[in-house]
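Asker: Provided herewith is a single structure, encoded as structure tokens, for subsequent inquiry.
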Amino acid sequence: DAGITQSPRHKVTETGTPVTLRCHQTENHRYMYWYRQDPGHGLRLIHYSYGVKDTDKGEVSDGYSVSRSKTEDFLLTLESATSSQTSVYFCAISDPTRGETEAFFGQGTRLTVV
Amino acid sequence: KNEVEQSPQNLTAQEGEFITINCSYSVGISALHWLQQHPGGGIVSLFMLSSGKKKHGRLIATINIQEKHSSLHITASHPRDSAVYICAVGYSGTYKYIFGTGTRLKVLA
């Protein structure tokens with residue numbers, strides 16, 4: 001298995017509170033991604049990073065921010081959680097610069113906003 | 001905009017049956033991935049292919065670039081194959097992926 005760890009694995013939080021999810025990799029892959037998975041939808045890209053301090057928005061970025069201060073860690077922050085952000089969040093990594101376009105996924109974080 | 005469609009959405013099979021899951025996409029791609037997700041579990045990459053056919057154990061993946069279509073076949077299916085199978089396409093220049101909504105497979109003993 002690729003070395004990707006997401007934390008926490010499960011979280012319940014109240015509406016309006018800030019939440020930070022962490023993705024940690026040991027593969028030294030350049031690209032890191034945050035997706036959310038909801039019933040009836042394919043995985044949807046929230047934000048991605050193509051290097052330290054280099055990030056860009058995905059298709060569902062409203063209400064989320066990210067940071068990548070070192071290669072290994074990619075943080076996803078919900079500044080003020082809303083019930084619509086209840087979802088399962090997946091982190092992924094890839095490194096097309098090595099000639100590999102295969103993506104590897106973390107185990108997911110189930111977030112419930114009440 | 002590239003759309004990815006999978007069929008069927010749900011599939012129930014008896015143990016030992018040959019299974020086919022289909023994926024169609026609308027725009028030319030650089031690579032297509034087949035992923036597996038067990039209930040409550042993480043996502044595992046099964047195959048990445050850009051042409052032809054790949055085989056791993058009882059799993060076979062094919063892609064037809066001209067028809068913009070890929071299939072995932074499972075031979076001699078087993079209850080442990082029960083999972084959601086997801087098709088994802090990537091295209092050059094963006095390093096992003098577009099995902100299908102998945103096919104939920106249940107194999108009965």
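Order determines the names: the first chain of the structure tokens is A, the second B, and so forth; residues in each chain are numbered 1 upward, and ligands are numbered 1 upward as they are shown.
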Would you give me, as a PDB file with all heavy atoms, in the first residue's frame, the residues of chain B that come within 8 Å of chain A, using only C-alpha atoms?
Answerer:
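What ended up in iface39.pdb:
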ATOM      1  N   ALA B  31      -5.261   8.749 -19.670  1.00  0.00           N
ATOM      2  CA  ALA B  31      -5.230   7.466 -18.959  1.00  0.00           C
ATOM      3  C   ALA B  31      -6.569   7.236 -18.278  1.00  0.00           C
ATOM      4  O   ALA B  31      -7.287   8.185 -17.948  1.00  0.00           O
ATOM      5  CB  ALA B  31      -4.111   7.442 -17.913  1.00  0.00           C
ATOM      6  N   HIS B  33      -8.422   4.897 -15.121  1.00  0.00           N
ATOM      7  CA  HIS B  33      -8.162   4.105 -13.931  1.00  0.00           C
ATOM      8  C   HIS B  33      -9.412   3.330 -13.525  1.00  0.00           C
ATOM      9  O   HIS B  33     -10.527   3.852 -13.628  1.00  0.00           O
ATOM     10  CB  HIS B  33      -7.782   5.003 -12.753  1.00  0.00           C
ATOM     11  CG  HIS B  33      -6.616   5.895 -13.019  1.00  0.00           C
ATOM     12  ND1 HIS B  33      -5.379   5.691 -12.453  1.00  0.00           N
ATOM     13  CD2 HIS B  33      -6.490   6.987 -13.794  1.00  0.00           C
ATOM     14  CE1 HIS B  33      -4.554   6.627 -12.871  1.00  0.00           C
ATOM     15  NE2 HIS B  33      -5.185   7.426 -13.683  1.00  0.00           N
ATOM     16  N   GLY B  41     -14.551   1.324   3.405  1.00  0.00           N
ATOM     17  CA  GLY B  41     -13.109   1.251   3.261  1.00  0.00           C
ATOM     18  C   GLY B  41     -12.534   2.304   2.361  1.00  0.00           C
ATOM     19  O   GLY B  41     -13.247   3.141   1.806  1.00  0.00           O
ATOM     20  N   GLY B  42     -11.235   2.242   2.218  1.00  0.00           N
ATOM     21  CA  GLY B  42     -10.549   3.167   1.361  1.00  0.00           C
ATOM     22  C   GLY B  42     -10.654   2.757  -0.087  1.00  0.00           C
ATOM     23  O   GLY B  42     -11.335   1.802  -0.462  1.00  0.00           O
ATOM     24  N   ILE B  43      -9.977   3.486  -0.923  1.00  0.00           N
ATOM     25  CA  ILE B  43     -10.025   3.267  -2.365  1.00  0.00           C
ATOM     26  C   ILE B  43      -8.685   2.703  -2.808  1.00  0.00           C
ATOM     27  O   ILE B  43      -7.622   3.235  -2.462  1.00  0.00           O
ATOM     28  CB  ILE B  43     -10.315   4.593  -3.091  1.00  0.00           C
ATOM     29  CG1 ILE B  43     -11.700   5.109  -2.694  1.00  0.00           C
ATOM     30  CG2 ILE B  43     -10.214   4.425  -4.599  1.00  0.00           C
ATOM     31  CD1 ILE B  43     -12.004   6.500  -3.185  1.00  0.00           C
ATOM     32  N   VAL B  44      -8.765   1.642  -3.581  1.00  0.00           N
ATOM     33  CA  VAL B  44      -7.562   0.966  -4.051  1.00  0.00           C
ATOM     34  C   VAL B  44      -7.525   1.028  -5.572  1.00  0.00           C
ATOM     35  O   VAL B  44      -8.534   0.787  -6.234  1.00  0.00           O
ATOM     36  CB  VAL B  44      -7.546  -0.506  -3.586  1.00  0.00           C
ATOM     37  CG1 VAL B  44      -6.352  -1.239  -4.179  1.00  0.00           C
ATOM     38  CG2 VAL B  44      -7.522  -0.575  -2.074  1.00  0.00           C
ATOM     39  N   SER B  45      -6.382   1.345  -6.114  1.00  0.00           N
ATOM     40  CA  SER B  45      -6.230   1.368  -7.556  1.00  0.00           C
ATOM     41  C   SER B  45      -6.038  -0.052  -8.078  1.00  0.00           C
ATOM     42  O   SER B  45      -5.173  -0.791  -7.603  1.00  0.00           O
ATOM     43  CB  SER B  45      -5.026   2.231  -7.933  1.00  0.00           C
ATOM     44  OG  SER B  45      -4.821   2.224  -9.331  1.00  0.00           O
ATOM     45  N   MET B  48      -4.348   1.031 -14.207  1.00  0.00           N
ATOM     46  CA  MET B  48      -4.253   2.266 -14.949  1.00  0.00           C
ATOM     47  C   MET B  48      -3.885   1.864 -16.367  1.00  0.00           C
ATOM     48  O   MET B  48      -2.922   1.115 -16.569  1.00  0.00           O
ATOM     49  CB  MET B  48      -3.185   3.188 -14.386  1.00  0.00           C
ATOM     50  CG  MET B  48      -3.092   4.515 -15.094  1.00  0.00           C
ATOM     51  SD  MET B  48      -1.663   5.479 -14.575  1.00  0.00           S
ATOM     52  CE  MET B  48      -0.326   4.533 -15.273  1.00  0.00           C
ATOM     53  N   TYR B  95      -3.343  17.093 -14.740  1.00  0.00           N
ATOM     54  CA  TYR B  95      -3.067  16.179 -13.633  1.00  0.00           C
ATOM     55  C   TYR B  95      -4.273  15.994 -12.735  1.00  0.00           C
ATOM     56  O   TYR B  95      -4.158  15.684 -11.570  1.00  0.00           O
ATOM     57  CB  TYR B  95      -1.873  16.671 -12.804  1.00  0.00           C
ATOM     58  CG  TYR B  95      -0.687  16.973 -13.675  1.00  0.00           C
ATOM     59  CD1 TYR B  95      -0.147  18.243 -13.738  1.00  0.00           C
ATOM     60  CD2 TYR B  95      -0.126  15.972 -14.461  1.00  0.00           C
ATOM     61  CE1 TYR B  95       0.930  18.509 -14.564  1.00  0.00           C
ATOM     62  CE2 TYR B  95       0.952  16.237 -15.290  1.00  0.00           C
ATOM     63  CZ  TYR B  95       1.471  17.509 -15.336  1.00  0.00           C
ATOM     64  OH  TYR B  95       2.527  17.779 -16.144  1.00  0.00           O
ATOM     65  N   ILE B  98     -11.390  12.824 -13.438  1.00  0.00           N
ATOM     66  CA  ILE B  98     -12.842  12.886 -13.385  1.00  0.00           C
ATOM     67  C   ILE B  98     -13.333  11.488 -13.068  1.00  0.00           C
ATOM     68  O   ILE B  98     -12.912  10.514 -13.699  1.00  0.00           O
ATOM     69  CB  ILE B  98     -13.444  13.361 -14.723  1.00  0.00           C
ATOM     70  CG1 ILE B  98     -12.846  14.701 -15.148  1.00  0.00           C
ATOM     71  CG2 ILE B  98     -14.967  13.459 -14.612  1.00  0.00           C
ATOM     72  CD1 ILE B  98     -13.167  15.848 -14.220  1.00  0.00           C
ATOM     73  N   PHE B  99     -14.232  11.383 -12.099  1.00  0.00           N
ATOM     74  CA  PHE B  99     -14.652  10.082 -11.599  1.00  0.00           C
ATOM     75  C   PHE B  99     -16.076   9.766 -12.018  1.00  0.00           C
ATOM     76  O   PHE B  99     -16.941  10.647 -12.028  1.00  0.00           O
ATOM     77  CB  PHE B  99     -14.583  10.052 -10.073  1.00  0.00           C
ATOM     78  CG  PHE B  99     -13.196  10.185  -9.532  1.00  0.00           C
ATOM     79  CD1 PHE B  99     -12.592  11.424  -9.426  1.00  0.00           C
ATOM     80  CD2 PHE B  99     -12.482   9.065  -9.122  1.00  0.00           C
ATOM     81  CE1 PHE B  99     -11.295  11.556  -8.932  1.00  0.00           C
ATOM     82  CE2 PHE B  99     -11.198   9.188  -8.626  1.00  0.00           C
ATOM     83  CZ  PHE B  99     -10.608  10.431  -8.538  1.00  0.00           C
ATOM     84  N   GLY B 100     -16.331   8.504 -12.326  1.00  0.00           N
ATOM     85  CA  GLY B 100     -17.696   8.031 -12.465  1.00  0.00           C
ATOM     86  C   GLY B 100     -18.325   7.863 -11.095  1.00  0.00           C
ATOM     87  O   GLY B 100     -17.639   7.938 -10.068  1.00  0.00           O
ATOM     88  N   THR B 101     -19.624   7.611 -11.073  1.00  0.00           N
ATOM     89  CA  THR B 101     -20.340   7.471  -9.806  1.00  0.00           C
ATOM     90  C   THR B 101     -20.215   6.079  -9.216  1.00  0.00           C
ATOM     91  O   THR B 101     -20.660   5.846  -8.103  1.00  0.00           O
ATOM     92  CB  THR B 101     -21.824   7.829  -9.966  1.00  0.00           C
ATOM     93  OG1 THR B 101     -22.370   7.021 -11.014  1.00  0.00           O
ATOM     94  CG2 THR B 101     -21.997   9.298 -10.308  1.00  0.00           C
ATOM     95  N   GLY B 102     -19.615   5.166  -9.946  1.00  0.00           N
ATOM     96  CA  GLY B 102     -19.357   3.845  -9.394  1.00  0.00           C
ATOM     97  C   GLY B 102     -20.417   2.814  -9.742  1.00  0.00           C
ATOM     98  O   GLY B 102     -21.561   3.143 -10.026  1.00  0.00           O
TER      99      GLY B 102
END
Asker: Going by DSSP on the backbone, which residues of chain A come out as helix (DSSP H, G or I)? List them as number ranges by chain.
Answerer: A: 83-85, 96-98
Asker: Write out the residues from the selection above, keeping all heavy atoms, as a PDB file, in the first residue's frame.
Answerer:
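Resulting contents of out02.pdb:
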ATOM      1  N   SER A  83     -23.642  21.885   7.463  1.00  0.00           N
ATOM      2  CA  SER A  83     -24.186  20.535   7.308  1.00  0.00           C
ATOM      3  C   SER A  83     -23.953  19.994   5.894  1.00  0.00           C
ATOM      4  O   SER A  83     -23.834  18.775   5.698  1.00  0.00           O
ATOM      5  CB  SER A  83     -25.672  20.510   7.642  1.00  0.00           C
ATOM      6  OG  SER A  83     -26.382  21.412   6.804  1.00  0.00           O
ATOM      7  N   SER A  84     -23.858  20.887   4.908  1.00  0.00           N
ATOM      8  CA  SER A  84     -23.621  20.442   3.526  1.00  0.00           C
ATOM      9  C   SER A  84     -22.205  19.889   3.329  1.00  0.00           C
ATOM     10  O   SER A  84     -21.913  19.299   2.283  1.00  0.00           O
ATOM     11  CB  SER A  84     -23.855  21.596   2.547  1.00  0.00           C
ATOM     12  OG  SER A  84     -22.910  22.622   2.760  1.00  0.00           O
ATOM     13  N   GLN A  85     -21.370  20.087   4.311  1.00  0.00           N
ATOM     14  CA  GLN A  85     -20.009  19.569   4.245  1.00  0.00           C
ATOM     15  C   GLN A  85     -19.882  18.200   4.919  1.00  0.00           C
ATOM     16  O   GLN A  85     -18.771  17.636   4.977  1.00  0.00           O
ATOM     17  CB  GLN A  85     -19.016  20.568   4.851  1.00  0.00           C
ATOM     18  CG  GLN A  85     -18.919  21.853   4.027  1.00  0.00           C
ATOM     19  CD  GLN A  85     -18.022  22.902   4.644  1.00  0.00           C
ATOM     20  OE1 GLN A  85     -18.156  23.220   5.838  1.00  0.00           O
ATOM     21  NE2 GLN A  85     -17.115  23.456   3.854  1.00  0.00           N
ATOM     22  N   PRO A  96       3.073  12.771 -11.664  1.00  0.00           N
ATOM     23  CA  PRO A  96       3.259  12.676 -13.114  1.00  0.00           C
ATOM     24  C   PRO A  96       4.675  13.030 -13.553  1.00  0.00           C
ATOM     25  O   PRO A  96       5.112  12.634 -14.627  1.00  0.00           O
ATOM     26  CB  PRO A  96       2.253  13.698 -13.663  1.00  0.00           C
ATOM     27  CG  PRO A  96       1.273  13.906 -12.566  1.00  0.00           C
ATOM     28  CD  PRO A  96       2.042  13.731 -11.299  1.00  0.00           C
ATOM     29  N   THR A  97       5.412  13.765 -12.726  1.00  0.00           N
ATOM     30  CA  THR A  97       6.778  14.146 -13.110  1.00  0.00           C
ATOM     31  C   THR A  97       7.703  12.934 -13.139  1.00  0.00           C
ATOM     32  O   THR A  97       8.782  12.986 -13.720  1.00  0.00           O
ATOM     33  CB  THR A  97       7.347  15.185 -12.146  1.00  0.00           C
ATOM     34  OG1 THR A  97       7.389  14.640 -10.834  1.00  0.00           O
ATOM     35  CG2 THR A  97       6.502  16.440 -12.147  1.00  0.00           C
ATOM     36  N   ARG A  98       7.286  11.841 -12.514  1.00  0.00           N
ATOM     37  CA  ARG A  98       8.077  10.605 -12.551  1.00  0.00           C
ATOM     38  C   ARG A  98       7.623   9.698 -13.684  1.00  0.00           C
ATOM     39  O   ARG A  98       8.038   8.554 -13.776  1.00  0.00           O
ATOM     40  CB  ARG A  98       7.923   9.837 -11.234  1.00  0.00           C
ATOM     41  CG  ARG A  98       8.364  10.592 -10.008  1.00  0.00           C
ATOM     42  CD  ARG A  98       8.238   9.705  -8.795  1.00  0.00           C
ATOM     43  NE  ARG A  98       8.452  10.420  -7.561  1.00  0.00           N
ATOM     44  CZ  ARG A  98       8.402   9.864  -6.361  1.00  0.00           C
ATOM     45  NH1 ARG A  98       8.131   8.578  -6.236  1.00  0.00           N
ATOM     46  NH2 ARG A  98       8.616  10.587  -5.283  1.00  0.00           N
TER      47      ARG A  98
END
Asker: When distances are computed from only C-alpha atoms, which of A:Lys53, A:Arg22, A:Arg36, A:His10 shows the smallest separation from Arg68 in chain A?
Answerer: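 Of A:Lys53, A:Arg22, A:Arg36, A:His10, the one nearest Arg68 in chain A, counting only C-alpha atoms, is A:Lys53.
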Asker: I'd like the contact shell of range 11-20 of chain B - 10 Å cut-off, only C-alpha atoms, skipping same-chain residues fewer than 4 positions apart - returned as a PyMOL selection string.
Answerer: chain B and resi 7+58-61+71-82+84+103-109
Asker: One decimal, in Å: what's the spacing between CA of Glu5 in chain B and CA of Ser51 in chain B?
Answerer: 18.6 Å
Asker: Return as a PyMOL selection string the full set of residues in chain B whose backbone-based DSSP assignment is strand (DSSP E or B).
Answerer: chain B and resi 4-7+10-14+19-25+31-37+43-49+52-56+59-64+69-74+83-90+97-99+103-108
Asker: Which residues come within 12 Å of Leu32 in chain B, counting only C-alpha atoms, excluding same-chain residues fewer than 5 positions away, as a PyMOL selection string?
Answerer: (chain A and resi 101-103) or (chain B and resi 4+23-25+27+45-54+61-65+68-72+86-92+96-100)
Asker: Restricting the output to N, CA and C atoms, write the selected residues as a short mmCIF file (atom, residue, chain, number, x, y, z; two decimals), in the first residue's frame.
Answerer:
data_model
loop_
_atom_site.label_atom_id
_atom_site.label_comp_id
_atom_site.auth_asym_id
_atom_site.auth_seq_id
_atom_site.Cartn_x
_atom_site.Cartn_y
_atom_site.Cartn_z
N THR A 101 1.16 8.34 -13.78
CA THR A 101 -0.07 9.10 -13.59
C THR A 101 -1.04 8.38 -12.67
N GLU A 102 -0.61 7.25 -12.14
CA GLU A 102 -1.49 6.51 -11.23
C GLU A 102 -1.63 7.28 -9.93
N ALA A 103 -2.84 7.31 -9.41
CA ALA A 103 -3.12 7.98 -8.14
C ALA A 103 -3.30 6.95 -7.04
N VAL B 4 -18.09 11.18 -17.37
CA VAL B 4 -17.75 9.77 -17.23
C VAL B 4 -19.01 9.05 -16.76
N CYS B 23 -17.51 1.57 -18.72
CA CYS B 23 -17.21 2.99 -18.48
C CYS B 23 -17.08 3.69 -19.81
N SER B 24 -17.82 4.77 -19.97
CA SER B 24 -17.73 5.59 -21.19
C SER B 24 -17.38 7.02 -20.82
N TYR B 25 -16.62 7.66 -21.68
CA TYR B 25 -16.25 9.04 -21.42
C TYR B 25 -16.39 9.83 -22.71
N VAL B 27 -14.59 12.84 -23.70
CA VAL B 27 -13.48 13.61 -24.26
C VAL B 27 -12.23 12.76 -24.23
N SER B 45 -6.38 1.34 -6.11
CA SER B 45 -6.23 1.37 -7.56
C SER B 45 -6.04 -0.05 -8.08
N LEU B 46 -6.86 -0.46 -9.05
CA LEU B 46 -6.75 -1.78 -9.65
C LEU B 46 -5.90 -1.74 -10.91
N PHE B 47 -6.23 -0.81 -11.78
CA PHE B 47 -5.54 -0.71 -13.07
C PHE B 47 -5.42 0.74 -13.48
N MET B 48 -4.35 1.03 -14.21
CA MET B 48 -4.25 2.27 -14.95
C MET B 48 -3.88 1.86 -16.37
N LEU B 49 -4.67 2.32 -17.35
CA LEU B 49 -4.34 1.94 -18.72
C LEU B 49 -4.67 3.08 -19.68
N SER B 50 -3.90 3.13 -20.74
CA SER B 50 -4.11 4.14 -21.76
C SER B 50 -4.38 3.51 -23.12
N SER B 51 -4.18 2.21 -23.24
CA SER B 51 -4.50 1.50 -24.47
C SER B 51 -4.54 0.01 -24.18
N GLY B 52 -5.23 -0.73 -25.04
CA GLY B 52 -5.17 -2.18 -25.00
C GLY B 52 -5.85 -2.83 -23.81
N LYS B 53 -5.10 -3.69 -23.15
CA LYS B 53 -5.69 -4.58 -22.16
C LYS B 53 -4.67 -4.87 -21.07
N LYS B 54 -5.17 -5.00 -19.83
CA LYS B 54 -4.31 -5.42 -18.73
C LYS B 54 -5.02 -6.49 -17.93
N ALA B 61 -8.91 -5.58 -17.58
CA ALA B 61 -9.40 -4.27 -17.99
C ALA B 61 -9.02 -4.03 -19.44
N THR B 62 -9.97 -3.50 -20.20
CA THR B 62 -9.72 -3.18 -21.60
C THR B 62 -10.14 -1.75 -21.86
N ILE B 63 -9.54 -1.15 -22.86
CA ILE B 63 -9.92 0.20 -23.25
C ILE B 63 -9.89 0.31 -24.77
N ASN B 64 -10.90 0.99 -25.32
CA ASN B 64 -10.98 1.28 -26.75
C ASN B 64 -10.96 2.79 -26.90
N ILE B 65 -9.83 3.31 -27.29
CA ILE B 65 -9.65 4.76 -27.34
C ILE B 65 -10.58 5.39 -28.38
N LYS B 68 -13.98 5.49 -26.98
CA LYS B 68 -14.03 6.16 -25.67
C LYS B 68 -14.78 5.27 -24.67
N HIS B 69 -14.31 4.06 -24.53
CA HIS B 69 -15.00 3.08 -23.72
C HIS B 69 -14.00 2.12 -23.09
N SER B 70 -14.28 1.77 -21.83
CA SER B 70 -13.45 0.79 -21.13
C SER B 70 -14.35 -0.20 -20.42
N SER B 71 -13.87 -1.41 -20.26
CA SER B 71 -14.59 -2.43 -19.51
C SER B 71 -13.68 -3.05 -18.47
N LEU B 72 -14.30 -3.40 -17.35
CA LEU B 72 -13.62 -4.17 -16.31
C LEU B 72 -14.34 -5.52 -16.21
N ILE B 86 -15.02 1.90 -9.40
CA ILE B 86 -15.07 3.29 -9.87
C ILE B 86 -14.13 3.45 -11.05
N CYS B 87 -14.63 4.09 -12.07
CA CYS B 87 -13.83 4.45 -13.24
C CYS B 87 -13.42 5.91 -13.12
N ALA B 88 -12.18 6.21 -13.41
CA ALA B 88 -11.71 7.60 -13.36
C ALA B 88 -10.82 7.87 -14.57
N VAL B 89 -10.98 9.04 -15.15
CA VAL B 89 -10.17 9.38 -16.32
C VAL B 89 -9.28 10.56 -16.00
N GLY B 90 -8.09 10.54 -16.57
CA GLY B 90 -7.16 11.64 -16.42
C GLY B 90 -6.80 12.15 -17.80
N TYR B 91 -6.52 13.44 -17.88
CA TYR B 91 -6.13 13.96 -19.18
C TYR B 91 -4.94 14.89 -19.03
N SER B 92 -4.09 14.85 -20.01
CA SER B 92 -2.80 15.49 -19.95
C SER B 92 -2.95 16.99 -19.80
N LYS B 96 -5.46 16.23 -13.26
CA LYS B 96 -6.68 16.02 -12.50
C LYS B 96 -7.40 14.78 -13.03
N TYR B 97 -8.37 14.32 -12.25
CA TYR B 97 -9.13 13.14 -12.62
C TYR B 97 -10.62 13.45 -12.55
N ILE B 98 -11.39 12.82 -13.44
CA ILE B 98 -12.84 12.89 -13.38
C ILE B 98 -13.33 11.49 -13.07
N PHE B 99 -14.23 11.38 -12.10
CA PHE B 99 -14.65 10.08 -11.60
C PHE B 99 -16.08 9.77 -12.02
N GLY B 100 -16.33 8.50 -12.33
CA GLY B 100 -17.70 8.03 -12.47
C GLY B 100 -18.33 7.86 -11.10
#
Asker: At a cut-off of 7 Å, using only C-alpha atoms, what residues contact Tyr64 in chain A? Leave out same-chain residues fewer than 6 positions from it and give the result as a PyMOL selection string.
Answerer: chain A and resi 76-79
Asker: If you keep N, CA and C atoms, can you produce a file of those selected residues as a PDB file, in the first residue's frame?
Answerer:
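This went into selection-v6.pdb:
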ATOM      1  N   LEU A  76      -6.532  20.168   4.941  1.00  0.00           N
ATOM      2  CA  LEU A  76      -7.805  20.707   4.446  1.00  0.00           C
ATOM      3  C   LEU A  76      -8.541  21.310   5.630  1.00  0.00           C
ATOM      4  N   THR A  77      -8.928  22.588   5.502  1.00  0.00           N
ATOM      5  CA  THR A  77      -9.614  23.273   6.589  1.00  0.00           C
ATOM      6  C   THR A  77     -10.987  23.739   6.159  1.00  0.00           C
ATOM      7  N   LEU A  78     -11.957  23.431   7.000  1.00  0.00           N
ATOM      8  CA  LEU A  78     -13.297  23.979   6.869  1.00  0.00           C
ATOM      9  C   LEU A  78     -13.354  25.113   7.879  1.00  0.00           C
ATOM     10  N   GLU A  79     -13.393  26.328   7.400  1.00  0.00           N
ATOM     11  CA  GLU A  79     -13.285  27.472   8.304  1.00  0.00           C
ATOM     12  C   GLU A  79     -14.474  27.547   9.260  1.00  0.00           C
TER      13      GLU A  79
END
Asker: In Å to one decimal, how far is CA of Ile46 in chain A from CA of Ser61 in chain A?
Answerer: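 CA of Ser61 in chain A sits 4.7 Å away from CA of Ile46 in chain A.
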Asker: Would you compute the distance between CA of Ser69 in chain A and CA of Thr55 in chain A? Give it in Å to one decimal.
Answerer: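 These two atoms are separated by 10.6 Å.
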